[in-house]
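See structure below.
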Amino acid sequence: MTSSPTSAEPVPLRSRIGGAWVDGDGADLVDRNPARPDEVVAHGRLVGRAALDDAVAAAAAAAPGWAATPFPARGAILARAAAIVDEHAEAWGAELAREEGKTRAEGVGEVRRAADVLRFYAAEAQRPVGEVYASPRPGEQIHVLHKPVGTIGVITPFNFPIAIPAWKIAPALAYGNPVVWKPSLDVPLLAMRLTEALVGAGLPEGVLSLLLTDDGTAGALVEHPGIARVTFTGSTAVGRRVIAACGALARPVQAEMGGKNAAAVLADAELGLAVGEVLAGAFRSTGQKCTATSRVAVTEAVADAFVAELVRRADAITVGDPLDDATWMGPLVSVAARDRVLASVAEALKRPGVRLLCGGHPFEDDRGKGAFVPPTVLELDGDDELWRSEVFGPVLAVRRAPTDRAALDLVDDSAYGLSAAVFTNRLDAVEEAAQLIDVGVLHVNSETAGADPHVPFGGGKASGFGPKEQGRAAREFFTATTTVYLRSAVAAR
Ligand code: UN1
């Protein structure tokens, strides 16, 4: 590592229950810097079941008032929160980098994205809030009202510590619902920062509670009788448990889960562009995105040239401290994640038909103590576990396909269905990909990751369950409709 930024004192962590900041009295919560695990970024203690009950009760008490608050007044609070988040983008982006491991630029960019999301939902107050249909009967209109649903349970992962919470919490609040939020315990500091912004913006007491708590209490949140709906982002295994628990209660649930996203590089692709985008998709955020590119299918005609350039550039990526501006890729979120990723590469290399092209080993210098894994590219001769299972790290599997069509088929050959990319200038190939590949998000000549605040986001198959997130699509999950047949008593006479 080239620089060792001065480590600040650990930030004290608190939960927010109802209208108060609360020091937990449960287990210690130690938030470490994965680049230097001895460095404690923030420190506090967990809250437990009693805090969950208090948070849900406070939300129930606040719900009618919040639902009755005019939409523009709710939006104004979100707009003020966006301004607070923007003001702190540099400081909170650096904190994000220190607790999660993505680079400072990625961290600052993510904080600004959270502000964009808050602004989008602030502006929802200026857009239509329902629909009016023509009636086949005289003197009648049919109105569809979109109403708040009640308290939303929000469960968020480590990999986007502020953007994912923003795109769940902002629409929940905008459409008039209180929130009880359990973030990943890997990134409690940014959870506290987003909560500070919303509280500082004037969110009324009880409308948002933040529970720094364990998985057992998260499970109790999902099943709590005071929760109306649950929105979750995380692994497919945990997501399916959340879906099952909600299913047993007939409780609507939205789950954004794993991915095994692939890019197809076709024979006519601009190879320089394809290599750059695939590298960004595979290795930005150290591969820890559910939208990351973890598979590439390349048409044989260009495979040698593509793979050689991919490996040359992957090998040249600067891996180091996220706060060092020369760093292109930081560490994984934890030493445990590093060990898991390296073990899955080592296991894969024991199987026939799996070849390591670069990376795959622990660092032997100072970085060995941190959660660093080098950009890793493997070539597969045929089907393999690495083509099927999510690794959630900087690991990219490449396969060759005899034809462009075979490359598209390989992309679609997955239990997951979040995102995909196709590199080509052929319109017919784009059309073929759009029809064939069963994903929620398809990129043409750009990486598989990325999500704009105003656009529907989410996938199918093992990747997603329930209504899409973000943009106006979010309204489906965070509101319930009442269809009102509105007939004038005068006209009916
Ligand atoms: C992005 O690609 O910028 O957990 C967003 C994830 C996704 C978000 C990806 N829910 O990685």
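In the structure tokens, chains take letters A, B, ... by order of appearance, with residues numbered from 1 within each chain and ligands from 1 in the order shown.
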Test item: residues at most 6 Å from Thr286 in chain A, only C-alpha atoms, excluding those fewer than 4 positions along its chain, as an mmCIF file with C-alpha atoms, in the first residue's frame:
```
data_model
loop_
_atom_site.group_PDB
_atom_site.id
_atom_site.type_symbol
_atom_site.label_atom_id
_atom_site.label_comp_id
_atom_site.auth_asym_id
_atom_site.auth_seq_id
_atom_site.Cartn_x
_atom_site.Cartn_y
_atom_site.Cartn_z
ATOM 1 C CA MET A 329 -9.835 -1.571 -6.526
ATOM 2 C CA GLY A 393 -15.881 -11.019 -5.206
ATOM 3 C CA PRO A 394 -13.465 -10.008 -7.970
#
```
Protein and nucleic residues near ligand 1, 7 Å, only C-alpha atoms and all ligand atoms, as a PyMOL selection string: chain A and resi 157+159-160+164+233-234+256+288-292+449-451
Residue neighbourhood range 200-215 of chain A, 9 Å, only C-alpha atoms, exclusion window fewer than 3 positions, as a PyMOL selection string: chain A and resi 13-20+24+26-27+29+45-49+51-52+55-63+66+74+76-84+151+169+173+177-185+188+191-192+195-197+218-220
Nearby residues (only C-alpha atoms) at most 6 Å from Val144 in chain A, same-chain spacing under 6 positions excluded, as number ranges by chain: A: 130-131, 482-483
Would you put the residues from that selection into a file with C-alpha atoms, as a PDB file, in the first residue's frame?
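Wrote it out as out.pdb, contents follow:
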```pdb
ATOM      1  CA  GLY A 130     -53.404   8.237  -9.057  1.00  0.00           C
ATOM      2  CA  GLU A 131     -55.347   7.423 -12.182  1.00  0.00           C
ATOM      3  CA  THR A 482     -58.406   1.633  -3.774  1.00  0.00           C
ATOM      4  CA  THR A 483     -60.560   1.768  -6.882  1.00  0.00           C
TER       5      THR A 483
END
```
All strand (DSSP E or B) positions in range 326-388 of chain A, as JSON, numbers by chain: {"A": [329, 354, 355, 356, 357, 358, 376, 377, 378, 379, 380]}
Residue selection dump (all heavy atoms) as a tab-separated table (two decimals), in the first residue's frame:
```tsv
chain	number	residue	atom	x	y	z
A	329	MET	N	-8.99	-0.56	-7.18
A	329	MET	CA	-9.84	-1.57	-6.53
A	329	MET	C	-9.39	-1.74	-5.08
A	329	MET	O	-8.21	-1.95	-4.80
A	329	MET	CB	-9.73	-2.91	-7.28
A	329	MET	CG	-10.76	-3.93	-6.82
A	329	MET	SD	-10.65	-5.49	-7.77
A	329	MET	CE	-9.68	-6.48	-6.63
A	354	VAL	N	-10.67	-26.03	-15.67
A	354	VAL	CA	-10.67	-24.68	-15.07
A	354	VAL	C	-9.22	-24.20	-15.04
A	354	VAL	O	-8.36	-24.86	-14.46
A	354	VAL	CB	-11.23	-24.72	-13.62
A	354	VAL	CG1	-11.21	-23.31	-13.02
A	354	VAL	CG2	-12.62	-25.31	-13.60
A	355	ARG	N	-8.95	-23.07	-15.69
A	355	ARG	CA	-7.57	-22.55	-15.77
A	355	ARG	C	-7.50	-21.14	-15.24
A	355	ARG	O	-8.32	-20.27	-15.61
A	355	ARG	CB	-7.08	-22.54	-17.22
A	355	ARG	CG	-6.59	-23.88	-17.72
A	355	ARG	CD	-5.94	-23.75	-19.10
A	355	ARG	NE	-6.78	-23.03	-20.04
A	355	ARG	CZ	-7.86	-23.54	-20.61
A	355	ARG	NH1	-8.23	-24.79	-20.35
A	355	ARG	NH2	-8.59	-22.82	-21.46
A	356	LEU	N	-6.51	-20.87	-14.39
A	356	LEU	CA	-6.32	-19.53	-13.85
A	356	LEU	C	-5.55	-18.68	-14.86
A	356	LEU	O	-4.48	-19.07	-15.31
A	356	LEU	CB	-5.52	-19.64	-12.54
A	356	LEU	CG	-5.34	-18.35	-11.75
A	356	LEU	CD1	-6.67	-17.83	-11.24
A	356	LEU	CD2	-4.38	-18.58	-10.59
A	357	LEU	N	-6.12	-17.53	-15.23
A	357	LEU	CA	-5.43	-16.64	-16.17
A	357	LEU	C	-4.74	-15.48	-15.45
A	357	LEU	O	-3.72	-14.99	-15.90
A	357	LEU	CB	-6.41	-16.10	-17.21
A	357	LEU	CG	-7.14	-17.16	-18.05
A	357	LEU	CD1	-8.03	-16.50	-19.10
A	357	LEU	CD2	-6.16	-18.13	-18.72
A	358	CYS	N	-5.31	-15.02	-14.34
A	358	CYS	CA	-4.60	-14.04	-13.50
A	358	CYS	C	-5.25	-13.98	-12.13
A	358	CYS	O	-6.40	-14.38	-11.96
A	358	CYS	CB	-4.54	-12.66	-14.14
A	358	CYS	SG	-6.11	-11.82	-14.25
A	376	THR	N	-9.26	-11.50	-10.49
A	376	THR	CA	-9.02	-12.91	-10.82
A	376	THR	C	-9.85	-13.30	-12.06
A	376	THR	O	-11.05	-13.06	-12.09
A	376	THR	CB	-9.40	-13.79	-9.61
A	376	THR	OG1	-8.55	-13.42	-8.51
A	376	THR	CG2	-9.25	-15.27	-9.91
A	377	VAL	N	-9.17	-13.84	-13.05
A	377	VAL	CA	-9.86	-14.28	-14.26
A	377	VAL	C	-9.55	-15.76	-14.47
A	377	VAL	O	-8.38	-16.18	-14.37
A	377	VAL	CB	-9.42	-13.47	-15.51
A	377	VAL	CG1	-10.20	-13.93	-16.75
A	377	VAL	CG2	-9.60	-11.97	-15.28
A	378	LEU	N	-10.58	-16.56	-14.70
A	378	LEU	CA	-10.39	-17.98	-14.97
A	378	LEU	C	-11.07	-18.32	-16.29
A	378	LEU	O	-12.10	-17.74	-16.62
A	378	LEU	CB	-11.01	-18.84	-13.86
A	378	LEU	CG	-10.45	-18.57	-12.47
A	378	LEU	CD1	-11.45	-17.78	-11.64
A	378	LEU	CD2	-10.10	-19.87	-11.77
A	379	GLU	N	-10.47	-19.26	-17.01
A	379	GLU	CA	-11.15	-19.73	-18.22
A	379	GLU	C	-11.71	-21.13	-17.96
A	379	GLU	O	-11.05	-21.97	-17.36
A	379	GLU	CB	-10.20	-19.75	-19.43
A	379	GLU	CG	-10.97	-20.16	-20.69
A	379	GLU	CD	-10.26	-19.85	-22.00
A	379	GLU	OE1	-9.27	-19.09	-22.00
A	379	GLU	OE2	-10.72	-20.40	-23.02
A	380	LEU	N	-12.94	-21.33	-18.41
A	380	LEU	CA	-13.60	-22.63	-18.24
A	380	LEU	C	-13.74	-23.29	-19.60
A	380	LEU	O	-14.18	-22.65	-20.56
A	380	LEU	CB	-15.00	-22.44	-17.64
A	380	LEU	CG	-15.11	-21.56	-16.39
A	380	LEU	CD1	-16.57	-21.46	-15.95
A	380	LEU	CD2	-14.25	-22.11	-15.25
```
Polymer residues at most 6 Å from Ala420 in chain A, only C-alpha atoms, same-chain spacing of 2 or more positions, as a ChimeraX atom specification: /A:261-263,442,448
Residues of range 405-447 of chain A that approach range 273-285 of chain A to 12 Å or less, counting only C-alpha atoms: could you list each one with the shortest pair of atoms and its distance in Å to one decimal, rows by chain and increasing residue number, as CSV?
```
residue,atom,partner,partner_atom,distance
A:Ser419,CA,A:Gly281,CA,10.8
A:Ala420,CA,A:Gly281,CA,10.3
A:Ala421,CA,A:Val278,CA,8.9
A:Val422,CA,A:Ala274,CA,8.9
A:Phe423,CA,A:Ala274,CA,6.3
A:Thr424,CA,A:Ala274,CA,9.0
A:Asn425,CA,A:Ala274,CA,11.6
A:His443,CA,A:Glu277,CA,10.5
A:Val444,CA,A:Ala274,CA,10.2
A:Asn445,CA,A:Ala274,CA,6.9
A:Ser446,CA,A:Glu277,CA,5.7
A:Glu447,CA,A:Glu277,CA,4.8
```
Write out, as a Markdown table, each residue of range 255-300 of chain A that has an atom at most 7 Å from range 463-477 of chain A, together with the closest pair of atoms and their distance in Å to one decimal, counting only C-alpha atoms, rows going by chain and rising number.
```
| residue | atom | partner | partner_atom | distance |
| --- | --- | --- | --- | --- |
| A:Ala255 | CA | A:Phe465 | CA | 5.0 |
| A:Glu256 | CA | A:Gly464 | CA | 4.7 |
| A:Met257 | CA | A:Ser463 | CA | 4.6 |
| A:Gly258 | CA | A:Ser463 | CA | 5.0 |
| A:Gly259 | CA | A:Ser463 | CA | 5.7 |
```
Only C-alpha atoms, please: the residues just picked out, written as a JSON list (two decimals), in the first residue's frame.
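Listing of out-v8.json after writing:
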```json
[["chain", "number", "residue", "atom", "x", "y", "z"],
["A", 255, "ALA", "CA", -36.60, -9.23, -2.44],
["A", 256, "GLU", "CA", -33.58, -8.28, -4.50],
["A", 257, "MET", "CA", -31.15, -11.17, -4.30],
["A", 258, "GLY", "CA", -28.11, -12.68, -5.96],
["A", 259, "GLY", "CA", -26.82, -12.55, -9.49]]
```
For Arg32 in chain A, the nearest of the candidates A:Glu223, A:Asp412, A:Asp339, A:Glu95, counting only C-alpha atoms: A:Glu95
Which residue of A:Val253, A:Val333, A:Val345, A:Leu118 approaches Val395 in chain A most closely, using only C-alpha atoms: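 Of A:Val253, A:Val333, A:Val345, A:Leu118, the one nearest Val395 in chain A, counting only C-alpha atoms, is A:Val345.
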